[in-house]
Each structure stands twice: as structure tokens, then as C-alpha cells.
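> data-v8.cif (mmCIF, C-alpha atoms) pasted underneath:
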data_start
#
loop_
_atom_site.group_PDB
_atom_site.id
_atom_site.type_symbol
_atom_site.label_atom_id
_atom_site.label_comp_id
_atom_site.auth_asym_id
_atom_site.auth_seq_id
_atom_site.Cartn_x
_atom_site.Cartn_y
_atom_site.Cartn_z
ATOM 1 C CA MET A 287 131.605 -147.572 -114.948
ATOM 2 C CA ALA A 288 134.714 -149.506 -113.921
ATOM 3 C CA LEU A 289 134.882 -150.094 -110.168
ATOM 4 C CA ARG A 290 137.958 -150.336 -108.037
ATOM 5 C CA GLU A 291 138.496 -153.836 -106.688
ATOM 6 C CA GLN A 292 137.828 -152.633 -103.161
ATOM 7 C CA SER A 293 134.481 -151.077 -104.137
ATOM 8 C CA TYR A 294 133.558 -154.158 -106.139
ATOM 9 C CA LEU A 295 134.234 -156.427 -103.151
ATOM 10 C CA ILE A 296 132.174 -154.209 -100.826
ATOM 11 C CA LEU A 297 129.229 -154.214 -103.232
ATOM 12 C CA LEU A 298 129.564 -157.971 -103.635
ATOM 13 C CA ALA A 299 129.633 -158.377 -99.844
ATOM 14 C CA LEU A 300 126.332 -156.495 -99.620
ATOM 15 C CA SER A 301 124.698 -158.444 -102.457
ATOM 16 C CA GLN A 302 123.177 -161.065 -100.156
ATOM 17 C CA GLY A 303 121.526 -158.633 -97.769
ATOM 18 C CA PRO A 304 122.325 -155.775 -95.388
ATOM 19 C CA LEU A 305 125.514 -155.922 -93.295
ATOM 20 C CA HIS A 306 127.056 -153.686 -90.640
ATOM 21 C CA GLY A 307 130.617 -152.342 -90.901
ATOM 22 C CA TYR A 308 132.410 -155.277 -89.307
ATOM 23 C CA GLY A 309 130.225 -157.681 -91.298
ATOM 24 C CA VAL A 310 131.442 -156.020 -94.508
ATOM 25 C CA ILE A 311 135.091 -156.311 -93.394
ATOM 26 C CA LYS A 312 134.668 -160.046 -92.677
ATOM 27 C CA ALA A 313 132.782 -160.728 -95.915
ATOM 28 C CA VAL A 314 135.378 -158.862 -98.012
ATOM 29 C CA ARG A 315 138.174 -160.846 -96.359
ATOM 30 C CA GLU A 316 136.430 -164.127 -97.196
ATOM 31 C CA LEU A 317 135.516 -163.130 -100.761
ATOM 32 C CA SER A 318 139.080 -162.069 -101.523
ATOM 33 C CA GLU A 319 140.528 -165.273 -100.008
ATOM 34 C CA GLU A 320 142.105 -163.331 -97.120
ATOM 35 C CA ARG A 321 143.904 -161.003 -99.517
ATOM 36 C CA VAL A 322 141.974 -157.757 -98.889
ATOM 37 C CA ARG A 323 141.813 -156.779 -95.236
ATOM 38 C CA LEU A 324 139.889 -153.492 -94.979
ATOM 39 C CA GLY A 325 140.687 -151.192 -92.075
ATOM 40 C CA ALA A 326 137.896 -149.237 -90.404
ATOM 41 C CA GLY A 327 139.015 -145.879 -91.840
ATOM 42 C CA THR A 328 139.173 -147.261 -95.383
ATOM 43 C CA LEU A 329 135.820 -148.990 -94.987
ATOM 44 C CA TYR A 330 133.919 -145.883 -93.907
ATOM 45 C CA GLY A 331 135.607 -143.755 -96.569
ATOM 46 C CA ALA A 332 134.563 -146.288 -99.212
ATOM 47 C CA LEU A 333 131.002 -146.588 -97.851
ATOM 48 C CA ASP A 334 130.654 -142.788 -97.875
ATOM 49 C CA ARG A 335 131.805 -142.632 -101.473
ATOM 50 C CA LEU A 336 129.526 -145.481 -102.551
ATOM 51 C CA ALA A 337 126.583 -143.881 -100.732
ATOM 52 C CA GLY A 338 127.414 -140.561 -102.421
ATOM 53 C CA ASP A 339 127.262 -142.315 -105.799
ATOM 54 C CA GLY A 340 123.896 -143.813 -104.857
ATOM 55 C CA LEU A 341 125.165 -147.406 -104.851
ATOM 56 C CA VAL A 342 124.623 -148.218 -101.162
ATOM 57 C CA ILE A 343 122.238 -146.904 -98.526
ATOM 58 C CA VAL A 344 121.826 -147.098 -94.751
ATOM 59 C CA VAL A 345 118.831 -149.285 -93.980
ATOM 60 C CA GLY A 346 118.787 -149.363 -90.210
ATOM 61 C CA GLU A 347 120.665 -149.162 -86.970
ATOM 62 C CA GLU A 348 120.625 -150.807 -83.596
ATOM 63 C CA VAL A 349 122.711 -151.100 -80.457
ATOM 64 C CA VAL A 350 123.761 -154.667 -79.639
ATOM 65 C CA SER A 351 125.561 -155.257 -76.321
ATOM 66 C CA GLY A 352 126.792 -151.671 -76.218
ATOM 67 C CA ARG A 353 127.973 -151.643 -79.820
ATOM 68 C CA HIS A 354 126.379 -149.337 -82.324
ATOM 69 C CA ARG A 355 125.552 -151.104 -85.579
ATOM 70 C CA ARG A 356 124.482 -149.338 -88.725
ATOM 71 C CA TYR A 357 123.368 -151.573 -91.566
ATOM 72 C CA TYR A 358 124.132 -150.932 -95.229
ATOM 73 C CA ASP A 359 122.459 -152.397 -98.289
ATOM 74 C CA LEU A 360 122.731 -152.146 -102.072
ATOM 75 C CA THR A 361 120.391 -149.790 -103.890
ATOM 76 C CA GLY A 362 118.772 -150.847 -107.170
ATOM 77 C CA HIS A 363 121.427 -148.853 -109.004
ATOM 78 C CA GLY A 364 124.154 -150.502 -106.906
ATOM 79 C CA ARG A 365 122.896 -153.959 -107.833
ATOM 80 C CA GLN A 366 122.832 -152.986 -111.516
ATOM 81 C CA VAL A 367 126.398 -151.605 -111.385
ATOM 82 C CA LEU A 368 127.553 -154.790 -109.616
ATOM 83 C CA ALA A 369 125.931 -156.961 -112.293
ATOM 84 C CA GLU A 370 127.476 -154.910 -115.122
ATOM 85 C CA GLU A 371 130.919 -155.061 -113.537
ATOM 86 C CA THR A 372 130.576 -158.827 -113.012
ATOM 87 C CA ALA A 373 129.667 -159.288 -116.685
ATOM 88 C CA ARG A 374 132.718 -157.224 -117.671
ATOM 89 C CA LEU A 375 135.022 -159.304 -115.448
ATOM 90 C CA THR A 376 133.508 -162.537 -116.819
ATOM 91 C CA ARG A 377 134.237 -161.412 -120.385
ATOM 92 C CA LEU A 378 137.759 -160.435 -119.374
ATOM 93 C CA ALA A 379 138.394 -163.798 -117.693
ATOM 94 C CA ALA A 380 137.024 -165.662 -120.751
ATOM 95 C CA THR A 381 139.320 -163.675 -123.048
ATOM 96 C CA ALA A 382 142.261 -164.391 -120.755
ATOM 97 C CA GLN A 383 141.556 -168.117 -120.783
ATOM 98 C CA ARG A 384 141.234 -168.164 -124.594
ATOM 99 C CA ARG A 385 144.564 -166.384 -124.948
ATOM 100 C CA LEU A 386 146.307 -168.700 -122.508
ATOM 101 C CA ARG A 387 144.934 -171.758 -124.325
ATOM 102 C CA LEU A 388 146.508 -170.545 -127.582
ATOM 103 C CA GLN A 389 149.964 -170.696 -126.037
ATOM 104 C CA PRO A 390 151.670 -174.110 -126.150
ATOM 105 C CA GLY A 391 152.277 -175.656 -122.729
ATOM 106 C CA MET A 392 149.642 -173.524 -121.031
ATOM 107 C CA GLY A 393 146.620 -175.789 -121.556
ATOM 108 C CA MET A 394 143.804 -175.084 -119.124
ATOM 109 C CA MET B 211 139.494 -159.650 -73.923
ATOM 110 C CA THR B 212 139.909 -158.707 -70.253
ATOM 111 C CA SER B 213 137.941 -155.670 -69.135
ATOM 112 C CA ASP B 214 141.111 -153.682 -68.337
ATOM 113 C CA ALA B 215 142.541 -154.295 -71.771
ATOM 114 C CA ALA B 216 139.147 -153.599 -73.326
ATOM 115 C CA SER B 217 138.768 -150.237 -71.610
ATOM 116 C CA ALA B 218 142.357 -149.272 -72.473
ATOM 117 C CA TYR B 219 141.671 -150.317 -76.056
ATOM 118 C CA GLU B 220 138.480 -148.260 -76.152
ATOM 119 C CA ARG B 221 140.202 -145.224 -74.650
ATOM 120 C CA ARG B 222 142.966 -145.370 -77.252
ATOM 121 C CA CYS B 223 140.475 -145.761 -80.061
ATOM 122 C CA ARG B 224 138.578 -142.671 -78.868
ATOM 123 C CA LEU B 225 141.823 -140.703 -78.713
ATOM 124 C CA LEU B 226 142.775 -141.895 -82.187
ATOM 125 C CA MET B 227 139.391 -140.839 -83.554
ATOM 126 C CA ARG B 228 139.617 -137.425 -81.908
ATOM 127 C CA VAL B 229 142.923 -136.834 -83.659
ATOM 128 C CA ALA B 230 141.838 -138.273 -86.999
ATOM 129 C CA TYR B 231 138.260 -137.123 -87.557
ATOM 130 C CA PRO B 232 136.521 -133.721 -87.362
ATOM 131 C CA PRO B 233 133.689 -133.267 -84.808
ATOM 132 C CA ARG B 234 130.883 -133.569 -87.386
ATOM 133 C CA PHE B 235 132.016 -137.097 -88.250
ATOM 134 C CA ARG B 236 132.431 -138.152 -84.622
ATOM 135 C CA GLU B 237 129.022 -136.739 -83.780
ATOM 136 C CA PHE B 238 127.114 -138.759 -86.350
ATOM 137 C CA ARG B 239 129.327 -141.762 -87.092
ATOM 138 C CA GLY B 240 131.663 -141.905 -84.097
ATOM 139 C CA SER B 241 130.038 -144.648 -82.070
ATOM 140 C CA GLU B 242 129.606 -146.742 -85.207
ATOM 141 C CA LEU B 243 133.294 -146.441 -86.102
ATOM 142 C CA LEU B 244 134.252 -147.114 -82.481
ATOM 143 C CA SER B 245 132.115 -150.277 -82.456
ATOM 144 C CA THR B 246 133.786 -151.513 -85.626
ATOM 145 C CA LEU B 247 137.230 -150.835 -84.123
ATOM 146 C CA MET B 248 136.143 -152.760 -80.989
ATOM 147 C CA ASP B 249 135.072 -155.656 -83.211
ATOM 148 C CA LEU B 250 138.496 -155.672 -84.859
ATOM 149 C CA ALA B 251 140.252 -156.157 -81.488
ATOM 150 C CA GLY B 252 141.762 -159.555 -80.767
ATOM 151 C CA PRO B 253 141.567 -161.147 -77.295
ATOM 152 C CA GLY B 254 143.560 -159.212 -74.668
ATOM 153 C CA GLN B 255 144.517 -156.477 -77.115
ATOM 154 C CA SER B 256 144.993 -153.153 -75.297
ATOM 155 C CA SER B 257 145.594 -150.817 -78.229
ATOM 156 C CA PRO B 258 144.736 -150.796 -81.929
ATOM 157 C CA THR B 259 147.349 -152.360 -84.209
ATOM 158 C CA LEU B 260 149.687 -149.991 -86.029
ATOM 159 C CA ARG B 261 147.998 -150.936 -89.260
ATOM 160 C CA ASP B 262 144.501 -150.149 -87.946
ATOM 161 C CA GLY B 263 145.739 -146.923 -86.342
ATOM 162 C CA LEU B 264 147.315 -145.679 -89.557
ATOM 163 C CA ASP B 265 144.225 -146.687 -91.484
ATOM 164 C CA VAL B 266 141.992 -144.575 -89.229
ATOM 165 C CA LEU B 267 144.382 -141.597 -89.486
ATOM 166 C CA ARG B 268 144.403 -141.941 -93.243
ATOM 167 C CA GLY B 269 140.603 -142.257 -93.369
ATOM 168 C CA GLY B 270 140.242 -139.070 -91.306
ATOM 169 C CA LEU B 271 142.711 -137.168 -93.457
ATOM 170 C CA MET B 272 140.948 -138.211 -96.677
ATOM 171 C CA LEU B 273 137.609 -137.132 -95.211
ATOM 172 C CA ARG B 274 139.015 -133.740 -94.195
ATOM 173 C CA LEU B 275 140.427 -133.223 -97.699
ATOM 174 C CA ARG B 276 137.202 -134.375 -99.339
ATOM 175 C CA GLU B 277 134.986 -132.104 -97.272
ATOM 176 C CA ARG B 278 137.145 -129.010 -97.480
ATOM 177 C CA PRO B 279 135.688 -126.166 -99.582
ATOM 178 C CA PRO B 280 137.590 -125.294 -102.801
ATOM 179 C CA ILE B 281 140.330 -122.680 -102.401
ATOM 180 C CA GLY B 282 138.270 -119.787 -103.834
ATOM 181 C CA HIS B 283 135.406 -120.353 -101.421
ATOM 182 C CA TRP B 284 137.846 -120.920 -98.609
ATOM 183 C CA LEU B 285 139.590 -117.577 -99.198
ATOM 184 C CA LEU B 286 136.297 -115.658 -99.436
ATOM 185 C CA TYR B 287 135.082 -117.350 -96.271
ATOM 186 C CA ARG B 288 138.263 -116.773 -94.310
ATOM 187 C CA TRP B 289 138.891 -113.198 -95.383
ATOM 188 C CA VAL B 290 135.463 -111.669 -95.775
ATOM 189 C CA GLY B 291 133.231 -114.202 -94.069
ATOM 190 C CA VAL B 292 131.273 -115.132 -97.197
ATOM 191 C CA GLN B 293 129.036 -118.146 -96.665
ATOM 192 C CA VAL B 294 130.518 -121.373 -98.060
ATOM 193 C CA PRO B 295 128.325 -123.518 -100.394
ATOM 194 C CA TRP B 296 125.647 -125.537 -98.590
ATOM 195 C CA LYS B 297 127.444 -128.885 -98.834
ATOM 196 C CA TYR B 298 130.434 -127.466 -96.952
ATOM 197 C CA ARG B 299 128.487 -125.798 -94.161
ATOM 198 C CA TRP B 300 129.278 -128.534 -91.632
ATOM 199 C CA TRP B 301 132.951 -127.897 -92.341
ATOM 200 C CA ALA B 302 132.290 -124.217 -91.587
ATOM 201 C CA ARG B 303 130.532 -125.131 -88.344
ATOM 202 C CA ASP B 304 133.510 -127.161 -87.152
ATOM 203 C CA ASP B 305 135.831 -124.354 -88.206
ATOM 204 C CA ILE B 306 133.852 -121.742 -86.253
ATOM 205 C CA GLN B 307 133.558 -123.926 -83.184
ATOM 206 C CA GLY B 308 137.122 -125.168 -83.455
ATOM 207 C CA ARG B 309 140.078 -124.049 -81.405
ATOM 208 C CA PHE B 310 141.749 -120.746 -82.368
ATOM 209 C CA PHE B 311 138.898 -119.664 -84.644
ATOM 210 C CA PHE B 312 139.075 -116.132 -83.242
ATOM 211 C CA GLU B 313 142.866 -116.012 -83.614
ATOM 212 C CA ARG B 314 142.571 -117.182 -87.222
ATOM 213 C CA HIS B 315 139.952 -114.519 -87.841
ATOM 214 C CA VAL B 316 142.133 -111.743 -86.370
ATOM 215 C CA THR B 317 145.121 -112.939 -88.392
ATOM 216 C CA SER B 318 143.209 -112.813 -91.672
ATOM 217 C CA THR B 319 141.768 -109.385 -90.806
ATOM 218 C CA MET B 320 145.300 -108.219 -90.053
ATOM 219 C CA PHE B 321 146.475 -109.604 -93.360
ATOM 220 C CA TRP B 322 143.969 -107.409 -95.220
ATOM 221 C CA MET B 323 144.778 -104.383 -93.133
ATOM 222 C CA SER B 324 148.529 -104.695 -93.600
ATOM 223 C CA LEU B 325 148.058 -105.177 -97.359
ATOM 224 C CA GLY B 326 146.022 -101.966 -97.451
ATOM 225 C CA PHE B 327 148.542 -100.178 -95.254
ATOM 226 C CA MET B 328 151.453 -101.237 -97.457
ATOM 227 C CA SER B 329 149.748 -100.234 -100.687
ATOM 228 C CA VAL B 330 148.948 -96.795 -99.292
ATOM 229 C CA GLN B 331 152.582 -96.394 -98.260
ATOM 230 C CA LEU B 332 153.800 -97.577 -101.656
ATOM 231 C CA LEU B 333 151.551 -95.073 -103.429
ATOM 232 C CA MET B 334 152.766 -92.254 -101.268
ATOM 233 C CA SER B 335 156.474 -92.828 -100.933
ATOM 234 C CA ASN B 336 157.803 -95.891 -102.828
ATOM 235 C CA VAL B 337 159.024 -97.250 -99.495
ATOM 236 C CA THR B 338 157.279 -99.505 -97.018
ATOM 237 C CA TYR B 339 157.830 -99.179 -93.301
ATOM 238 C CA LEU B 340 155.936 -102.245 -92.203
ATOM 239 C CA THR B 341 158.259 -104.095 -89.848
ATOM 240 C CA PHE B 342 157.802 -107.281 -87.888
ATOM 241 C CA LEU B 343 157.444 -105.249 -84.702
ATOM 242 C CA GLY B 344 154.835 -103.060 -86.383
ATOM 243 C CA LEU B 345 152.891 -106.163 -87.409
ATOM 244 C CA LEU B 346 153.078 -107.609 -83.930
ATOM 245 C CA ILE B 347 151.832 -104.407 -82.305
ATOM 246 C CA GLY B 348 149.103 -104.137 -84.935
ATOM 247 C CA TYR B 349 148.095 -107.737 -84.237
ATOM 248 C CA ILE B 350 147.871 -107.147 -80.483
ATOM 249 C CA ILE B 351 145.836 -103.955 -80.967
ATOM 250 C CA ALA B 352 143.466 -105.673 -83.427
ATOM 251 C CA TYR B 353 143.156 -108.658 -81.080
ATOM 252 C CA LEU B 354 142.260 -106.521 -78.070
ATOM 253 C CA PHE B 355 139.975 -104.327 -80.159
ATOM 254 C CA LEU B 356 138.041 -107.288 -81.566
ATOM 255 C CA LEU B 357 138.043 -109.401 -78.393
ATOM 256 C CA PRO B 358 134.707 -108.085 -77.019
ATOM 257 C CA THR B 359 132.995 -109.140 -80.282
ATOM 258 C CA LYS B 360 134.298 -112.731 -80.089
ATOM 259 C CA GLY B 361 131.027 -114.383 -78.976
ATOM 260 C CA GLN B 362 128.937 -112.270 -81.316
ATOM 261 C CA LEU B 363 131.263 -113.078 -84.218
ATOM 262 C CA LYS B 364 130.869 -116.823 -83.690
ATOM 263 C CA ARG B 365 127.080 -116.527 -83.379
ATOM 264 C CA LYS B 366 126.896 -114.411 -86.530
ATOM 265 C CA TRP B 367 129.053 -116.764 -88.584
ATOM 266 C CA LEU B 368 127.137 -119.805 -87.328
ATOM 267 C CA ALA B 369 123.804 -118.139 -88.174
ATOM 268 C CA ARG B 370 125.107 -117.331 -91.655
ATOM 269 C CA HIS B 371 125.545 -121.073 -92.207
ATOM 270 C CA GLU B 372 122.157 -121.797 -90.600
ATOM 271 C CA PHE B 373 123.322 -123.160 -87.270
ATOM 272 C CA HIS B 374 122.130 -122.286 -83.773
ATOM 273 C CA PRO B 375 124.722 -120.812 -81.404
ATOM 274 C CA ASP B 376 125.215 -124.288 -79.855
ATOM 275 C CA GLY B 377 126.125 -125.709 -83.268
ATOM 276 C CA THR B 378 122.880 -127.581 -84.007
ATOM 277 C CA SER B 379 121.404 -127.155 -87.471
ATOM 278 C CA TYR B 380 118.288 -125.032 -88.167
ATOM 279 C CA VAL B 381 116.963 -127.644 -90.559
ATOM 280 C CA PRO B 382 116.742 -131.183 -89.229
ATOM 281 C CA ILE B 383 119.230 -133.621 -90.711
ATOM 282 C CA PRO B 384 117.710 -135.139 -93.866
ATOM 283 C CA LEU B 385 116.155 -138.541 -93.388
ATOM 284 C CA GLU B 386 117.819 -141.395 -95.157
ATOM 285 C CA VAL B 387 115.108 -143.223 -97.028
ATOM 286 C CA ARG B 388 115.022 -146.986 -96.857
ATOM 287 C CA PRO B 389 114.509 -148.970 -100.058
ATOM 288 C CA ASP B 390 111.115 -150.109 -98.739
ATOM 289 C CA GLY B 391 110.038 -146.471 -98.512
ATOM 290 C CA ARG B 392 110.214 -146.073 -94.729
ATOM 291 C CA ALA B 393 112.323 -143.182 -93.506
ATOM 292 C CA HIS B 394 115.244 -143.732 -91.189
ATOM 293 C CA GLU B 395 116.657 -140.941 -89.109
ATOM 294 C CA PRO B 396 120.362 -141.044 -88.224
ATOM 295 C CA LYS B 397 120.945 -140.050 -84.617
ATOM 296 C CA PRO B 398 123.885 -138.022 -83.352
ATOM 297 C CA ASP B 399 126.276 -140.323 -81.490
ATOM 298 C CA CYS B 400 128.186 -137.756 -79.443
ATOM 299 C CA ILE B 401 131.662 -139.096 -78.836
#
Is it possible to give me this structure as C-alpha cells?

Amino acid sequence: MALREQSYLILLALSQGPLHGYGVIKAVRELSEERVRLGAGTLYGALDRLAGDGLVIVVGEEVVSGRHRRYYDLTGHGRQVLAEETARLTRLAATAQRRLRLQPGMGM
Amino acid sequence: MTSDAASAYERRCRLLMRVAYPPRFREFRGSELLSTLMDLAGPGQSSPTLRDGLDVLRGGLMLRLRERPPIGHWLLYRWVGVQVPWKYRWWARDDIQGRFFFERHVTSTMFWMSLGFMSVQLLMSNVTYLTFLGLLIGYIIAYLFLLPTKGQLKRKWLARHEFHPDGTSYVPIPLEVRPDGRAHEPKPDCI
């Protein structure tokens, strides 16, 4: 299953343990080198879709200084899909590097 | 963020969410979304940025489109009151409890009646006499005639989708199961 970049980044953000919504937004911004800045509406739409596909799950909630936090984590299936997608991207990047090396003046 | 700016920011976020999202979403996810919007605020910011505002509106619109029953089910529900499939029943609840539900119901009833009226006329005389004025008078009569059944109608339609008259579900909301096996119950947020 090929993931959209946004979904891939969200899954990757959750790979090191549960995060709440704002935590996911910050992690995605860092992972994408400030390129992908998720808005709240996009984030919750994406989390709903990923939860519907069984890739993420709500693992807890708490209220911290008046703010309601709900924590999301990867499911076993989510982790597997993330690993498969990472392997696919690695193969793609390796192919890209091989092709670029074949062209004169593009040594890497 | 000063407290004045913070409360103005919060008020605008709540307004934005009321416009963007249907009640079922605000009930269960509202305070979570609001908290995330509060986290996104910079110091002294008194309203969400245009970008964040549009993003929330877009998120709400996508959710409404995603959770809307397919056209066939929608027509059967609207015209004859057939129960929508289980996964759309929260949509039905918001529709029944929403503004102008009764007016929408009368309009669809009128639509059926005028179709029937026109076909009878066509069969009998090849000419239809249904005018705008006739429709308007028919609408007013149907409205007044059905008005006493308004509360009962809502209760009946809610019960058909397994909701109490106050809009709470007969069956408790399913527990989300944690990976470690412990159950976790989402609580309504009530925004």
C-alpha cells in the first residue's frame, strides 16, 4: 500500500511512542525539515482516516492545564505498513542514486 | 499570550468550529481540537491565522462529505424516513436535531404530494394546473397540518436510529481498545 507523504510523516512521528495532536504537528514539522506544516483540520482528518484503516489508535487521554489531550499510537499493522513503505522509499532512493551516478558530472 | 487575547482567540476558535464541524464531532472531539488550536497560537495572538482558519473549515467540510450517506440512502431517508445504514446514524441524529429539520421534512412531503397531484392531473386532462401560488398554499396547509406532530416526528425518527429523545445513543459508544488490552472510553466533550 503506497502512503501519501502526509500519512507517512504522521506514522513516522508516532513511531517512537504515543503523541497528542500538537505533538504530531511539531514532530511532522521537524521530520519534514519545516516543509510540511499540518493544520489542525488536516491533522484530525488524517488521524481519522488512519484510525479507520487500523493504522493508529487512541491510547489515552488527559487534561493538562485546561487542555484536553488525546494520545495516538501506531498499531501493529501501522508499524508494519510504515516499515514496508520505508523499505520501498529506500529502494527508490537507491535506484535514484544509481541513475544519477551514471550521468557524467553528477557524481554523488 | 495575554489573557484577553487568549480568551478572544478561544472564542474565535469555538465559533470557527461551530461553523466548520457538525455537532457529533464537536461533542466527542471538540475540546481536543480546541486544545490543539490553542497550542498553535503564538504569543499575543487574538484570532487564528487565515491559514489555520481555512484548514479547519476544509477539515470540517471533508468530514461532512465523508460522513454523508450515499445519495440513494439519503433520498429514501429524506422522502420516506427509511433508516440510514448504521454507520451514518450519527449523521441522521444531527440532521434530526438540526435547525429546520421540520421544514425540510414538510418540503419533501410536499414534493411527493405535488408529484402525485400533477400525475393525476396529467392522466385526467393532459394539462397541469399546479402554480407557484398553489404550491405555496399547499405548503402552508401541510405545514400547519403537520405542526402538532413535530415533537413526535423527531422522537420517532430518533428512535428509528436508536437514539433517545435527547439525542444520546441507546447503545453506549464502543470502547476503543488499547494495544495492551485495557479498554479506553472516549468521553463526550460538549463544546
> Near chain A, meaning an atom within 6 Å, which residues of chain B appear when counting all atoms listed in the file? Write them as a list in words.
Ser241, Glu242, Ser245, Thr246, Asp262, Asp265, Val266, Gly269 and Arg388 of chain B
> Do you know which residues are at most 12 Å from B:Thr378 counting only C-alpha atoms, after dropping those on the same chain fewer than 5 positions away, and could you put them as a list in words?
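The residues that qualify are Arg234, Glu237, Arg299, Trp300, Arg303, Asp304, Gln307, Arg365, Leu368, Ala369, His371, Glu372, Phe373, Ile383 and Pro398 of chain B.
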> Could you write out that same residue set with C-alpha atoms as a compact mmCIF listing (two decimals), in the frame of the given file?

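Produced file selection-v1.txt, reproduced below:
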# COMPACT_ATOMS: atom_id res chain seq x y z
CA ARG B 234 130.88 -133.57 -87.39
CA GLU B 237 129.02 -136.74 -83.78
CA ARG B 299 128.49 -125.80 -94.16
CA TRP B 300 129.28 -128.53 -91.63
CA ARG B 303 130.53 -125.13 -88.34
CA ASP B 304 133.51 -127.16 -87.15
CA GLN B 307 133.56 -123.93 -83.18
CA ARG B 365 127.08 -116.53 -83.38
CA LEU B 368 127.14 -119.80 -87.33
CA ALA B 369 123.80 -118.14 -88.17
CA HIS B 371 125.54 -121.07 -92.21
CA GLU B 372 122.16 -121.80 -90.60
CA PHE B 373 123.32 -123.16 -87.27
CA ILE B 383 119.23 -133.62 -90.71
CA PRO B 398 123.88 -138.02 -83.35
> Quick one: everything within 7 Å of B:His283, counting all atoms listed in the file, minus sequence neighbours fewer than 4 positions away in the same chain. Send it as JSON, numbers by chain.
{"B": [279, 287, 294]}
> Around all of stretch 326-337 of chain B's listed atoms, make the axis-aligned box with 5 Å on each side and tell me centre and edge lengths in Å to one decimal, as lines of an AutoDock Vina configuration file.

center_x = 152.5
center_y = -97.1
center_z = -99.3
size_x = 23.0
size_y = 19.7
size_z = 18.2
> What separation in Å, quoted to one decimal, exists between atom CA of B:Ser318 and atom CA of B:Leu285?
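Separating atom CA of B:Ser318 from atom CA of B:Leu285 is a distance of 9.6 Å.
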> Looking at all atoms listed in the file, which of B:Asp376, B:Gln255, B:Ala230, B:Thr319 is the one that sits closest to B:Ala218?
B:Gln255
> I'd like to know which of B:Leu345, B:Ile351, B:Pro382, B:Ile306 is closest to B:Leu363, using only C-alpha atoms.
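Of B:Leu345, B:Ile351, B:Pro382, B:Ile306, the one nearest B:Leu363, counting only C-alpha atoms, is B:Ile306.
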> To one decimal place, how far is atom CA of A:Ala379 from atom CA of A:Pro304 in Å?
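Rounded to one decimal, the two atoms are 28.6 Å apart.
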> Report the distance between atom CA of B:Gly344 and atom CA of B:Met323 in Å, rounded to one decimal place.
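Straight-line distance from atom CA of B:Gly344 to atom CA of B:Met323 works out to 12.2 Å.
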> Apply the PyMOL selection byres ((chain A and resi 293) around 10) to the structure shown and report the selected residues as a PyMOL selection string.
chain A and resi 288-292+294-299+314+329+332-333+335-336+368
> Name the residues that the PyMOL selection byres ((chain B and resi 225) around 12) pulls out of this structure, and write them as a list of chain:residue names.
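Applying the PyMOL selection byres ((chain B and resi 225) around 12) to the structure shown produces B:Ala218, B:Tyr219, B:Glu220, B:Arg221, B:Arg222, B:Cys223, B:Arg224, B:Leu226, B:Met227, B:Arg228, B:Val229, B:Ala230, B:Tyr231, B:Arg236, B:Gly240, B:Leu244, B:Ser257, B:Pro258, B:Gly263, B:Val266, B:Leu267, B:Ile401.
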